[in-house]
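Engineer: Could you have a look at this structure, given as structure tokens, before my questions?
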Amino acid sequence: MSPFTGSAVRTADWQHLRCAIADGVATVTLARPEKLNALTFGAYADLRDLLAELSRERSVRALVLAGEGRGFCSGGDVDEIIGATLSMDTAQLLDFNRMTGQVVRAVRECPFPVIAAVHGVAAGAGAVLALAADFRVADPSARFAFLFTRVGLSGGDMGAAYLLPRVVGLGHATRLLMLGEPVRAPEAERIGLISELADEGGADEAAQQLAHRLAEGPALAYAQTKALLTAELDMPLAASVELDASTQALLMNGEDYAEFHAAFTEKRAPKWRGR
């Protein structure tokens with residue numbers, strides 16, 4: 001995302017989530033615990049806009065996405081979204097579905113690693129938000145369910161049919177998206193849907209530890225690695241290695257690359273500046 005912005009200042013308060021930033025780590029918490037953090041139209045829009053703002057700031061080096069209360073996110077609110085969409089025309093429905101996809105694109109395209117801290121349910125859109133993250137840290141209570149076909153819609157919602165086969169393989173993705181059956185933490189870890197299985201009740205803490213580790217590292221190298229992982233999913237090998245070569249040539253002119261050599265020579269830890 002471009003760092004260039006217009007006259008708008010950063011949003012101080014968000015109505016549908018909480019955001020706290022400390023030591024280069026942004027913690028974004030879905031905060032409707034009484035509804036298992038079900039998403040509303042406003043929550044989708046806030047996530048989209050918040051990620052764009054944080055991407056422009058360049059002060060955030062890692063982001064943790066968490067859910068308050070008994071679960072991570074139960075998906076779209078049945079009354080406030082599903083009920084409302086029944087009275088929308090095709091143009092309005094297309095606008096809404098494009099917005100949900102913009103949230104996933106924002107997660108994938110922001111220039112810092114995103115870690116989903118999952119406990120309890122991650123269902124529907126909540127499962128896709130976790131899927132879009134770079135890391136999924138979950139505790140044993142976590143269960144993922146891609147429920148779209150169970151409400152009569154395509155399982156390929158919000159980019160799920162693009163992302164899930166690339167994470168768990170086509171066979172597992174077909175089963176999960178077609179049947180909508182919940183996948184509990186042990187199986188999710190076995191098929192590669194979970195990056196790290198934390199102790200009981202420890203997903204948030206483990207995610208924070210990973211986020212601070214990433215925030216202390218070479219931010220520009222991480223940002224370019226994330227960008228290449230996304231861009232090269234659809235590239236032939238020749239295009240991929242050319243893009244890798246161009247990226248490495250640029251980074252070799254950066255301060256962090258020179259800092260590594262200086263630190264190695266002086267037998268000390270590098271002081272990464274993300275430049």
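Labels used: A, B, ... for chains in the order of the structure tokens, numbers from 1 for residues in each chain, and numbers from 1 for ligands as shown.
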Out of region 18-183 of chain A, which residues get alpha helix (DSSP H) from DSSP, as a compact mmCIF listing (two decimals) with all heavy atoms, in the first residue's frame?
Structural biologist:
```
# COMPACT_ATOMS: atom_id res chain seq x y z
N PHE A 41 -21.45 -4.62 8.99
CA PHE A 41 -20.96 -3.81 7.87
C PHE A 41 -19.88 -2.84 8.35
O PHE A 41 -18.85 -2.67 7.70
CB PHE A 41 -22.12 -3.02 7.23
CG PHE A 41 -23.17 -3.87 6.60
CD1 PHE A 41 -24.47 -3.86 7.08
CD2 PHE A 41 -22.88 -4.69 5.53
CE1 PHE A 41 -25.45 -4.64 6.50
CE2 PHE A 41 -23.84 -5.48 4.94
CZ PHE A 41 -25.15 -5.46 5.42
N GLY A 42 -20.12 -2.23 9.50
CA GLY A 42 -19.15 -1.28 10.04
C GLY A 42 -17.84 -1.92 10.44
O GLY A 42 -16.77 -1.33 10.27
N ALA A 43 -17.91 -3.15 10.97
CA ALA A 43 -16.68 -3.84 11.38
C ALA A 43 -15.80 -4.15 10.16
O ALA A 43 -14.58 -3.98 10.21
CB ALA A 43 -17.02 -5.13 12.12
N TYR A 44 -16.43 -4.62 9.09
CA TYR A 44 -15.66 -4.85 7.86
C TYR A 44 -14.99 -3.56 7.40
O TYR A 44 -13.79 -3.54 7.07
CB TYR A 44 -16.57 -5.36 6.74
CG TYR A 44 -16.92 -6.81 6.77
CD1 TYR A 44 -18.23 -7.23 6.98
CD2 TYR A 44 -15.95 -7.78 6.55
CE1 TYR A 44 -18.56 -8.57 6.98
CE2 TYR A 44 -16.27 -9.13 6.54
CZ TYR A 44 -17.58 -9.53 6.76
OH TYR A 44 -17.91 -10.85 6.76
N ALA A 45 -15.76 -2.48 7.36
CA ALA A 45 -15.22 -1.21 6.87
C ALA A 45 -14.11 -0.69 7.78
O ALA A 45 -13.10 -0.17 7.31
CB ALA A 45 -16.34 -0.18 6.76
N ASP A 46 -14.28 -0.85 9.09
CA ASP A 46 -13.24 -0.41 10.02
C ASP A 46 -11.95 -1.19 9.81
O ASP A 46 -10.85 -0.61 9.81
CB ASP A 46 -13.71 -0.57 11.47
CG ASP A 46 -14.47 0.65 11.98
OD1 ASP A 46 -14.67 1.59 11.19
OD2 ASP A 46 -14.86 0.65 13.16
N LEU A 47 -12.05 -2.50 9.65
CA LEU A 47 -10.85 -3.31 9.41
C LEU A 47 -10.15 -2.87 8.13
O LEU A 47 -8.92 -2.72 8.10
CB LEU A 47 -11.22 -4.79 9.33
CG LEU A 47 -11.39 -5.53 10.65
CD1 LEU A 47 -11.98 -6.92 10.40
CD2 LEU A 47 -10.06 -5.65 11.38
N ARG A 48 -10.93 -2.69 7.07
CA ARG A 48 -10.34 -2.25 5.79
C ARG A 48 -9.61 -0.93 5.95
O ARG A 48 -8.46 -0.76 5.53
CB ARG A 48 -11.46 -2.12 4.76
CG ARG A 48 -11.04 -1.57 3.40
CD ARG A 48 -12.25 -1.05 2.65
NE ARG A 48 -12.90 0.04 3.38
CZ ARG A 48 -14.13 0.49 3.09
NH1 ARG A 48 -14.83 -0.06 2.11
NH2 ARG A 48 -14.65 1.49 3.79
N ASP A 49 -10.27 0.05 6.60
CA ASP A 49 -9.70 1.38 6.71
C ASP A 49 -8.54 1.43 7.69
O ASP A 49 -7.55 2.15 7.48
CB ASP A 49 -10.78 2.37 7.12
CG ASP A 49 -11.88 2.50 6.07
OD1 ASP A 49 -11.66 2.06 4.92
OD2 ASP A 49 -12.96 3.02 6.40
N LEU A 50 -8.64 0.69 8.79
CA LEU A 50 -7.56 0.66 9.76
C LEU A 50 -6.28 0.10 9.16
O LEU A 50 -5.19 0.66 9.34
CB LEU A 50 -7.96 -0.18 10.98
CG LEU A 50 -6.86 -0.47 12.00
CD1 LEU A 50 -6.32 0.82 12.61
CD2 LEU A 50 -7.34 -1.40 13.09
N LEU A 51 -6.39 -0.99 8.42
CA LEU A 51 -5.20 -1.58 7.81
C LEU A 51 -4.56 -0.62 6.81
O LEU A 51 -3.34 -0.54 6.72
CB LEU A 51 -5.56 -2.91 7.13
CG LEU A 51 -5.82 -4.06 8.11
CD1 LEU A 51 -6.55 -5.20 7.41
CD2 LEU A 51 -4.51 -4.57 8.69
N ALA A 52 -5.37 0.12 6.09
CA ALA A 52 -4.83 1.11 5.16
C ALA A 52 -4.10 2.21 5.91
O ALA A 52 -3.01 2.64 5.51
CB ALA A 52 -5.95 1.70 4.31
N GLU A 53 -4.67 2.68 7.02
CA GLU A 53 -4.01 3.74 7.80
C GLU A 53 -2.69 3.25 8.40
O GLU A 53 -1.68 3.95 8.34
CB GLU A 53 -4.95 4.21 8.91
CG GLU A 53 -6.11 5.05 8.41
CD GLU A 53 -6.86 5.74 9.53
OE1 GLU A 53 -6.32 5.80 10.65
OE2 GLU A 53 -7.98 6.23 9.27
N LEU A 54 -2.70 2.07 8.99
CA LEU A 54 -1.48 1.55 9.59
C LEU A 54 -0.40 1.29 8.54
O LEU A 54 0.79 1.48 8.80
CB LEU A 54 -1.78 0.25 10.35
CG LEU A 54 -2.70 0.39 11.56
CD1 LEU A 54 -2.92 -0.98 12.20
CD2 LEU A 54 -2.14 1.36 12.58
N SER A 55 -0.81 0.90 7.35
CA SER A 55 0.16 0.66 6.28
C SER A 55 0.83 1.95 5.84
O SER A 55 2.02 1.95 5.51
CB SER A 55 -0.55 0.01 5.08
OG SER A 55 -1.07 -1.25 5.41
N ARG A 56 0.10 3.04 5.85
CA ARG A 56 0.68 4.32 5.44
C ARG A 56 1.61 4.89 6.50
O ARG A 56 2.57 5.59 6.18
CB ARG A 56 -0.44 5.33 5.14
CG ARG A 56 -1.22 5.04 3.87
CD ARG A 56 -2.08 6.21 3.49
NE ARG A 56 -3.13 6.49 4.47
CZ ARG A 56 -4.37 6.03 4.39
NH1 ARG A 56 -4.71 5.23 3.39
NH2 ARG A 56 -5.26 6.35 5.30
N GLU A 57 1.35 4.58 7.76
CA GLU A 57 2.15 5.17 8.84
C GLU A 57 3.60 4.70 8.86
O GLU A 57 4.49 5.42 9.24
CB GLU A 57 1.51 4.83 10.20
CG GLU A 57 0.36 5.73 10.54
CD GLU A 57 -0.11 5.53 11.96
OE1 GLU A 57 0.61 4.87 12.73
OE2 GLU A 57 -1.18 6.03 12.30
N ALA A 84 -30.08 -8.27 6.52
CA ALA A 84 -30.09 -7.04 5.73
C ALA A 84 -29.86 -7.29 4.25
O ALA A 84 -30.45 -6.62 3.40
CB ALA A 84 -29.04 -6.07 6.28
N THR A 85 -29.00 -8.24 3.92
CA THR A 85 -28.70 -8.48 2.50
C THR A 85 -29.89 -9.03 1.74
O THR A 85 -29.94 -8.92 0.51
CB THR A 85 -27.50 -9.44 2.36
OG1 THR A 85 -27.75 -10.64 3.11
CG2 THR A 85 -26.22 -8.80 2.85
N THR A 90 -28.86 -6.19 -6.55
CA THR A 90 -27.60 -6.79 -6.99
C THR A 90 -26.43 -5.82 -6.86
O THR A 90 -25.33 -6.21 -6.44
CB THR A 90 -27.71 -7.29 -8.44
OG1 THR A 90 -28.77 -8.25 -8.51
CG2 THR A 90 -26.41 -7.94 -8.89
N ALA A 91 -26.63 -4.56 -7.18
CA ALA A 91 -25.54 -3.58 -7.09
C ALA A 91 -25.08 -3.41 -5.65
O ALA A 91 -23.88 -3.34 -5.37
CB ALA A 91 -26.00 -2.24 -7.67
N GLN A 92 -26.03 -3.36 -4.72
CA GLN A 92 -25.67 -3.24 -3.31
C GLN A 92 -24.95 -4.48 -2.80
O GLN A 92 -23.99 -4.39 -2.04
CB GLN A 92 -26.93 -2.98 -2.48
CG GLN A 92 -27.57 -1.63 -2.73
CD GLN A 92 -28.92 -1.52 -2.04
OE1 GLN A 92 -29.75 -2.43 -2.09
NE2 GLN A 92 -29.15 -0.38 -1.40
N LEU A 93 -25.42 -5.64 -3.23
CA LEU A 93 -24.78 -6.89 -2.82
C LEU A 93 -23.35 -6.97 -3.35
O LEU A 93 -22.45 -7.44 -2.67
CB LEU A 93 -25.60 -8.08 -3.30
CG LEU A 93 -26.96 -8.26 -2.62
CD1 LEU A 93 -27.79 -9.30 -3.36
CD2 LEU A 93 -26.79 -8.67 -1.16
N LEU A 94 -23.16 -6.51 -4.58
CA LEU A 94 -21.82 -6.53 -5.17
C LEU A 94 -20.90 -5.58 -4.39
O LEU A 94 -19.74 -5.92 -4.10
CB LEU A 94 -21.88 -6.14 -6.64
CG LEU A 94 -20.57 -6.22 -7.42
CD1 LEU A 94 -19.95 -7.61 -7.33
CD2 LEU A 94 -20.79 -5.82 -8.87
N ASP A 95 -21.40 -4.42 -4.02
CA ASP A 95 -20.60 -3.48 -3.23
C ASP A 95 -20.19 -4.11 -1.90
O ASP A 95 -19.04 -3.98 -1.46
CB ASP A 95 -21.39 -2.20 -2.96
CG ASP A 95 -21.45 -1.29 -4.16
OD1 ASP A 95 -20.62 -1.46 -5.08
OD2 ASP A 95 -22.33 -0.40 -4.20
N PHE A 96 -21.13 -4.78 -1.24
CA PHE A 96 -20.82 -5.41 0.05
C PHE A 96 -19.78 -6.51 -0.11
O PHE A 96 -18.80 -6.57 0.63
CB PHE A 96 -22.09 -5.98 0.68
CG PHE A 96 -21.81 -6.94 1.79
CD1 PHE A 96 -21.15 -6.53 2.94
CD2 PHE A 96 -22.17 -8.27 1.68
CE1 PHE A 96 -20.87 -7.42 3.96
CE2 PHE A 96 -21.89 -9.17 2.70
CZ PHE A 96 -21.24 -8.75 3.85
N ASN A 97 -19.99 -7.39 -1.08
CA ASN A 97 -19.05 -8.50 -1.25
C ASN A 97 -17.67 -8.01 -1.68
O ASN A 97 -16.65 -8.60 -1.29
CB ASN A 97 -19.61 -9.50 -2.25
CG ASN A 97 -20.68 -10.38 -1.63
OD1 ASN A 97 -20.39 -11.29 -0.87
ND2 ASN A 97 -21.94 -10.09 -1.92
N ARG A 98 -17.62 -6.95 -2.45
CA ARG A 98 -16.32 -6.38 -2.80
C ARG A 98 -15.63 -5.81 -1.57
O ARG A 98 -14.41 -5.93 -1.42
CB ARG A 98 -16.51 -5.29 -3.86
CG ARG A 98 -16.71 -5.86 -5.27
CD ARG A 98 -16.99 -4.77 -6.27
NE ARG A 98 -16.97 -5.28 -7.64
CZ ARG A 98 -17.51 -4.66 -8.68
NH1 ARG A 98 -18.10 -3.49 -8.51
NH2 ARG A 98 -17.45 -5.20 -9.89
N MET A 99 -16.41 -5.21 -0.66
CA MET A 99 -15.81 -4.67 0.56
C MET A 99 -15.20 -5.78 1.41
O MET A 99 -14.09 -5.62 1.93
CB MET A 99 -16.85 -3.91 1.38
CG MET A 99 -16.28 -3.37 2.69
SD MET A 99 -17.44 -2.39 3.66
CE MET A 99 -18.63 -3.63 4.15
N THR A 100 -15.88 -6.90 1.56
CA THR A 100 -15.31 -7.98 2.36
C THR A 100 -14.02 -8.49 1.73
O THR A 100 -13.06 -8.82 2.44
CB THR A 100 -16.32 -9.14 2.52
OG1 THR A 100 -16.57 -9.76 1.25
CG2 THR A 100 -17.62 -8.65 3.13
N GLY A 101 -13.98 -8.54 0.41
CA GLY A 101 -12.76 -8.94 -0.26
C GLY A 101 -11.64 -7.93 -0.08
O GLY A 101 -10.46 -8.29 -0.01
N GLN A 102 -12.01 -6.65 0.01
CA GLN A 102 -11.00 -5.62 0.24
C GLN A 102 -10.33 -5.79 1.60
O GLN A 102 -9.14 -5.47 1.76
CB GLN A 102 -11.65 -4.24 0.14
CG GLN A 102 -12.01 -3.83 -1.29
CD GLN A 102 -12.96 -2.65 -1.34
OE1 GLN A 102 -13.39 -2.14 -0.30
NE2 GLN A 102 -13.31 -2.23 -2.54
N VAL A 103 -11.07 -6.30 2.58
CA VAL A 103 -10.46 -6.56 3.89
C VAL A 103 -9.38 -7.62 3.77
O VAL A 103 -8.27 -7.48 4.29
CB VAL A 103 -11.53 -6.99 4.91
CG1 VAL A 103 -10.88 -7.35 6.24
CG2 VAL A 103 -12.56 -5.88 5.11
N VAL A 104 -9.69 -8.71 3.05
CA VAL A 104 -8.71 -9.78 2.87
C VAL A 104 -7.50 -9.27 2.10
O VAL A 104 -6.35 -9.57 2.44
CB VAL A 104 -9.35 -10.98 2.16
CG1 VAL A 104 -8.31 -12.01 1.75
CG2 VAL A 104 -10.39 -11.63 3.08
N ARG A 105 -7.74 -8.50 1.06
CA ARG A 105 -6.61 -7.92 0.31
C ARG A 105 -5.77 -7.02 1.19
O ARG A 105 -4.53 -7.02 1.09
CB ARG A 105 -7.14 -7.13 -0.89
CG ARG A 105 -7.63 -7.99 -2.04
CD ARG A 105 -7.91 -7.15 -3.27
NE ARG A 105 -6.72 -6.43 -3.71
CZ ARG A 105 -6.71 -5.53 -4.70
NH1 ARG A 105 -7.85 -5.23 -5.32
NH2 ARG A 105 -5.60 -4.93 -5.05
N ALA A 106 -6.42 -6.27 2.07
CA ALA A 106 -5.67 -5.38 2.96
C ALA A 106 -4.77 -6.18 3.90
O ALA A 106 -3.64 -5.78 4.18
CB ALA A 106 -6.63 -4.51 3.76
N VAL A 107 -5.27 -7.32 4.39
CA VAL A 107 -4.45 -8.18 5.25
C VAL A 107 -3.26 -8.73 4.49
O VAL A 107 -2.13 -8.76 4.98
CB VAL A 107 -5.30 -9.33 5.83
CG1 VAL A 107 -4.42 -10.31 6.61
CG2 VAL A 107 -6.40 -8.79 6.74
N ARG A 108 -3.49 -9.16 3.25
CA ARG A 108 -2.42 -9.74 2.46
C ARG A 108 -1.43 -8.70 1.94
O ARG A 108 -0.26 -8.99 1.75
CB ARG A 108 -3.00 -10.49 1.23
CG ARG A 108 -3.82 -11.72 1.56
CD ARG A 108 -3.05 -12.76 2.36
NE ARG A 108 -1.70 -12.95 1.89
CZ ARG A 108 -0.68 -13.21 2.70
NH1 ARG A 108 -0.84 -13.31 4.00
NH2 ARG A 108 0.53 -13.39 2.20
N GLU A 109 -1.89 -7.47 1.70
CA GLU A 109 -1.05 -6.47 1.04
C GLU A 109 -0.41 -5.47 2.00
O GLU A 109 0.45 -4.69 1.58
CB GLU A 109 -1.87 -5.71 -0.01
CG GLU A 109 -2.32 -6.62 -1.17
CD GLU A 109 -3.24 -5.93 -2.15
OE1 GLU A 109 -3.51 -4.72 -1.96
OE2 GLU A 109 -3.70 -6.59 -3.10
N ALA A 125 -16.60 -15.79 7.85
CA ALA A 125 -15.65 -14.71 7.57
C ALA A 125 -14.53 -14.67 8.60
O ALA A 125 -13.41 -14.27 8.30
CB ALA A 125 -16.38 -13.37 7.54
N GLY A 126 -14.81 -15.11 9.83
CA GLY A 126 -13.76 -15.17 10.84
C GLY A 126 -12.68 -16.15 10.48
O GLY A 126 -11.48 -15.91 10.70
N ALA A 127 -13.08 -17.29 9.90
CA ALA A 127 -12.10 -18.27 9.44
C ALA A 127 -11.26 -17.71 8.30
O ALA A 127 -10.05 -17.96 8.21
CB ALA A 127 -12.80 -19.56 9.01
N VAL A 128 -11.88 -16.94 7.40
CA VAL A 128 -11.13 -16.38 6.28
C VAL A 128 -10.18 -15.29 6.75
O VAL A 128 -9.06 -15.17 6.24
CB VAL A 128 -12.09 -15.84 5.20
CG1 VAL A 128 -11.28 -15.33 4.00
CG2 VAL A 128 -13.04 -16.93 4.72
N LEU A 129 -10.58 -14.48 7.73
CA LEU A 129 -9.66 -13.49 8.29
C LEU A 129 -8.42 -14.16 8.85
O LEU A 129 -7.29 -13.71 8.63
CB LEU A 129 -10.36 -12.67 9.37
CG LEU A 129 -11.37 -11.62 8.92
CD1 LEU A 129 -11.98 -10.94 10.13
CD2 LEU A 129 -10.73 -10.60 7.99
N ALA A 130 -8.62 -15.24 9.60
CA ALA A 130 -7.46 -15.98 10.12
C ALA A 130 -6.64 -16.57 8.99
O ALA A 130 -5.41 -16.54 9.03
CB ALA A 130 -7.94 -17.07 11.07
N LEU A 131 -7.31 -17.11 7.98
CA LEU A 131 -6.62 -17.69 6.83
C LEU A 131 -5.77 -16.66 6.11
O LEU A 131 -4.66 -16.97 5.65
CB LEU A 131 -7.67 -18.27 5.88
CG LEU A 131 -7.18 -18.82 4.53
CD1 LEU A 131 -6.30 -20.04 4.74
CD2 LEU A 131 -8.38 -19.15 3.64
N ALA A 132 -6.25 -15.43 6.01
CA ALA A 132 -5.52 -14.40 5.28
C ALA A 132 -4.27 -13.93 6.02
O ALA A 132 -3.36 -13.37 5.40
CB ALA A 132 -6.44 -13.19 5.03
N ALA A 160 -11.42 -17.24 -0.20
CA ALA A 160 -11.12 -18.51 0.45
C ALA A 160 -10.69 -19.59 -0.55
O ALA A 160 -9.80 -20.39 -0.26
CB ALA A 160 -12.32 -18.99 1.26
N ALA A 161 -11.32 -19.60 -1.72
CA ALA A 161 -10.99 -20.63 -2.71
C ALA A 161 -9.61 -20.38 -3.32
O ALA A 161 -9.04 -21.28 -3.93
CB ALA A 161 -12.05 -20.68 -3.80
N TYR A 162 -9.10 -19.19 -3.19
CA TYR A 162 -7.75 -18.87 -3.65
C TYR A 162 -6.72 -19.21 -2.57
O TYR A 162 -5.71 -19.86 -2.82
CB TYR A 162 -7.67 -17.39 -4.00
CG TYR A 162 -6.30 -16.90 -4.43
CD1 TYR A 162 -5.93 -16.96 -5.77
CD2 TYR A 162 -5.40 -16.37 -3.52
CE1 TYR A 162 -4.68 -16.50 -6.17
CE2 TYR A 162 -4.16 -15.91 -3.91
CZ TYR A 162 -3.80 -15.98 -5.24
OH TYR A 162 -2.57 -15.53 -5.64
N LEU A 163 -6.99 -18.78 -1.34
CA LEU A 163 -6.01 -18.91 -0.28
C LEU A 163 -5.93 -20.31 0.32
O LEU A 163 -4.84 -20.83 0.57
CB LEU A 163 -6.32 -17.90 0.84
CG LEU A 163 -6.14 -16.43 0.51
CD1 LEU A 163 -6.72 -15.56 1.61
CD2 LEU A 163 -4.66 -16.11 0.32
N LEU A 164 -7.09 -20.93 0.60
CA LEU A 164 -7.07 -22.18 1.36
C LEU A 164 -6.32 -23.31 0.65
O LEU A 164 -5.54 -24.01 1.30
CB LEU A 164 -8.50 -22.60 1.70
CG LEU A 164 -8.63 -23.70 2.74
CD1 LEU A 164 -7.95 -23.32 4.06
CD2 LEU A 164 -10.10 -24.04 2.99
N PRO A 165 -6.50 -23.54 -0.67
CA PRO A 165 -5.72 -24.60 -1.31
C PRO A 165 -4.21 -24.35 -1.23
O PRO A 165 -3.42 -25.30 -1.19
CB PRO A 165 -6.19 -24.57 -2.77
CG PRO A 165 -7.53 -23.92 -2.72
CD PRO A 165 -7.44 -22.92 -1.61
N ARG A 166 -3.81 -23.10 -1.18
CA ARG A 166 -2.39 -22.78 -1.11
C ARG A 166 -1.82 -22.98 0.29
O ARG A 166 -0.60 -23.04 0.46
CB ARG A 166 -2.17 -21.34 -1.60
CG ARG A 166 -2.39 -21.20 -3.11
CD ARG A 166 -2.60 -19.75 -3.51
NE ARG A 166 -2.56 -19.60 -4.96
CZ ARG A 166 -3.58 -19.85 -5.77
NH1 ARG A 166 -4.73 -20.27 -5.27
NH2 ARG A 166 -3.46 -19.69 -7.08
N VAL A 167 -2.69 -23.06 1.29
CA VAL A 167 -2.25 -23.29 2.66
C VAL A 167 -2.32 -24.77 3.02
O VAL A 167 -1.38 -25.32 3.60
CB VAL A 167 -3.10 -22.45 3.65
CG1 VAL A 167 -2.78 -22.82 5.09
CG2 VAL A 167 -2.87 -20.97 3.41
N VAL A 168 -3.43 -25.44 2.66
CA VAL A 168 -3.62 -26.83 3.11
C VAL A 168 -3.67 -27.83 1.96
O VAL A 168 -3.79 -29.03 2.20
CB VAL A 168 -4.90 -26.96 3.96
CG1 VAL A 168 -4.84 -26.05 5.17
CG2 VAL A 168 -6.15 -26.68 3.14
N LEU A 170 -5.31 -28.74 -2.20
CA LEU A 170 -6.62 -28.74 -2.85
C LEU A 170 -7.58 -29.74 -2.21
O LEU A 170 -8.77 -29.46 -2.03
CB LEU A 170 -6.46 -29.07 -4.34
CG LEU A 170 -7.76 -29.10 -5.16
CD1 LEU A 170 -8.48 -27.76 -5.10
CD2 LEU A 170 -7.45 -29.49 -6.60
N GLY A 171 -7.08 -30.91 -1.84
CA GLY A 171 -7.96 -31.93 -1.27
C GLY A 171 -8.60 -31.48 0.03
O GLY A 171 -9.82 -31.56 0.20
N HIS A 172 -7.79 -31.01 0.97
CA HIS A 172 -8.33 -30.53 2.24
C HIS A 172 -9.21 -29.30 2.02
O HIS A 172 -10.27 -29.17 2.65
CB HIS A 172 -7.21 -30.19 3.21
CG HIS A 172 -6.45 -31.38 3.72
ND1 HIS A 172 -7.07 -32.45 4.33
CD2 HIS A 172 -5.12 -31.67 3.71
CE1 HIS A 172 -6.17 -33.34 4.68
NE2 HIS A 172 -4.98 -32.90 4.31
N ALA A 173 -8.80 -28.40 1.12
CA ALA A 173 -9.58 -27.19 0.88
C ALA A 173 -10.96 -27.53 0.31
O ALA A 173 -11.97 -26.93 0.70
CB ALA A 173 -8.83 -26.27 -0.08
N THR A 174 -11.01 -28.51 -0.60
CA THR A 174 -12.29 -28.93 -1.16
C THR A 174 -13.22 -29.43 -0.06
O THR A 174 -14.40 -29.05 0.01
CB THR A 174 -12.08 -30.02 -2.21
OG1 THR A 174 -11.25 -29.51 -3.26
CG2 THR A 174 -13.41 -30.47 -2.81
N ARG A 175 -12.70 -30.25 0.81
CA ARG A 175 -13.52 -30.79 1.90
C ARG A 175 -14.01 -29.67 2.83
O ARG A 175 -15.19 -29.62 3.18
CB ARG A 175 -12.69 -31.82 2.69
CG ARG A 175 -13.35 -32.33 3.97
CD ARG A 175 -12.55 -33.48 4.57
NE ARG A 175 -11.19 -33.11 4.91
CZ ARG A 175 -10.82 -32.64 6.11
NH1 ARG A 175 -11.72 -32.49 7.07
NH2 ARG A 175 -9.56 -32.34 6.34
N LEU A 176 -13.11 -28.78 3.22
CA LEU A 176 -13.47 -27.74 4.16
C LEU A 176 -14.46 -26.74 3.57
O LEU A 176 -15.42 -26.32 4.23
CB LEU A 176 -12.23 -27.00 4.65
CG LEU A 176 -11.18 -27.85 5.38
CD1 LEU A 176 -10.04 -26.96 5.86
CD2 LEU A 176 -11.80 -28.58 6.55
N LEU A 177 -14.26 -26.36 2.31
CA LEU A 177 -15.14 -25.36 1.70
C LEU A 177 -16.47 -25.96 1.25
O LEU A 177 -17.50 -25.28 1.28
CB LEU A 177 -14.44 -24.69 0.52
CG LEU A 177 -13.22 -23.83 0.86
CD1 LEU A 177 -12.66 -23.18 -0.39
CD2 LEU A 177 -13.55 -22.77 1.90
N MET A 178 -16.47 -27.21 0.81
CA MET A 178 -17.72 -27.85 0.37
C MET A 178 -18.61 -28.21 1.55
O MET A 178 -19.81 -27.90 1.57
CB MET A 178 -17.39 -29.11 -0.43
CG MET A 178 -16.87 -28.83 -1.82
SD MET A 178 -18.16 -29.02 -3.04
CE MET A 178 -17.18 -28.97 -4.54
N LEU A 179 -18.05 -28.88 2.55
CA LEU A 179 -18.86 -29.43 3.63
C LEU A 179 -19.08 -28.47 4.78
O LEU A 179 -20.06 -28.60 5.53
CB LEU A 179 -18.22 -30.73 4.16
CG LEU A 179 -18.07 -31.85 3.13
CD1 LEU A 179 -17.41 -33.07 3.78
CD2 LEU A 179 -19.42 -32.22 2.52
```
Engineer: May I have a table of the residues of region 69-145 of chain A lying at most 12 Å from region 208-220 of chain A, giving each one's closest pair of atoms and their distance in Å to one decimal, counting only C-alpha atoms, ordered by chain and ascending residue number, as a tab-separated table?
Structural biologist:
```
residue	atom	partner	partner_atom	distance
A:Pro111	CA	A:Leu220	CA	8.3
A:Phe112	CA	A:Ala219	CA	7.3
A:Pro113	CA	A:Leu214	CA	7.6
A:Val114	CA	A:Ala211	CA	8.1
A:Ile115	CA	A:Ala211	CA	7.1
A:Ala116	CA	A:Gln208	CA	10.0
A:Ala117	CA	A:Gln208	CA	8.6
A:Asp134	CA	A:Ala211	CA	11.1
A:Phe135	CA	A:Leu210	CA	9.2
A:Arg136	CA	A:Leu210	CA	10.6
A:Val137	CA	A:Leu210	CA	9.0
```
Engineer: Could you name the residues that touch region 10-20 of chain A at 6 Å or less, counting only C-alpha atoms, but leaving out those on the same chain fewer than 6 positions away, as a list in words?
Structural biologist: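 Here the answer would be Ala26, Thr27, Val28, Thr29, Leu30, Ala31 and Ala43 of chain A.
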Engineer: Only N, CA, C and O atoms, please: the residues just picked out, written as an mmCIF file, in the first residue's frame.
Structural biologist:
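The new file part_26.cif reads:
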```cif
data_model
loop_
_atom_site.group_PDB
_atom_site.id
_atom_site.type_symbol
_atom_site.label_atom_id
_atom_site.label_comp_id
_atom_site.auth_asym_id
_atom_site.auth_seq_id
_atom_site.Cartn_x
_atom_site.Cartn_y
_atom_site.Cartn_z
ATOM 1 N N ALA A 26 1.004 -3.545 16.575
ATOM 2 C CA ALA A 26 -0.402 -3.138 16.676
ATOM 3 C C ALA A 26 -1.224 -4.356 17.090
ATOM 4 O O ALA A 26 -1.076 -5.439 16.503
ATOM 5 N N THR A 27 -2.059 -4.174 18.084
ATOM 6 C CA THR A 27 -2.977 -5.231 18.496
ATOM 7 C C THR A 27 -4.386 -4.769 18.184
ATOM 8 O O THR A 27 -4.868 -3.778 18.742
ATOM 9 N N VAL A 28 -5.029 -5.469 17.258
ATOM 10 C CA VAL A 28 -6.383 -5.131 16.831
ATOM 11 C C VAL A 28 -7.315 -6.203 17.380
ATOM 12 O O VAL A 28 -7.149 -7.390 17.085
ATOM 13 N N THR A 29 -8.283 -5.785 18.175
ATOM 14 C CA THR A 29 -9.165 -6.727 18.855
ATOM 15 C C THR A 29 -10.602 -6.527 18.396
ATOM 16 O O THR A 29 -11.147 -5.417 18.497
ATOM 17 N N LEU A 30 -11.193 -7.588 17.880
ATOM 18 C CA LEU A 30 -12.619 -7.575 17.573
ATOM 19 C C LEU A 30 -13.359 -7.600 18.908
ATOM 20 O O LEU A 30 -13.124 -8.476 19.739
ATOM 21 N N ALA A 31 -14.259 -6.653 19.112
ATOM 22 C CA ALA A 31 -14.759 -6.417 20.472
ATOM 23 C C ALA A 31 -16.288 -6.440 20.541
ATOM 24 O O ALA A 31 -16.915 -5.474 20.975
ATOM 25 N N ALA A 43 -17.908 -3.152 10.967
ATOM 26 C CA ALA A 43 -16.675 -3.838 11.377
ATOM 27 C C ALA A 43 -15.801 -4.152 10.165
ATOM 28 O O ALA A 43 -14.576 -3.978 10.211
#
```
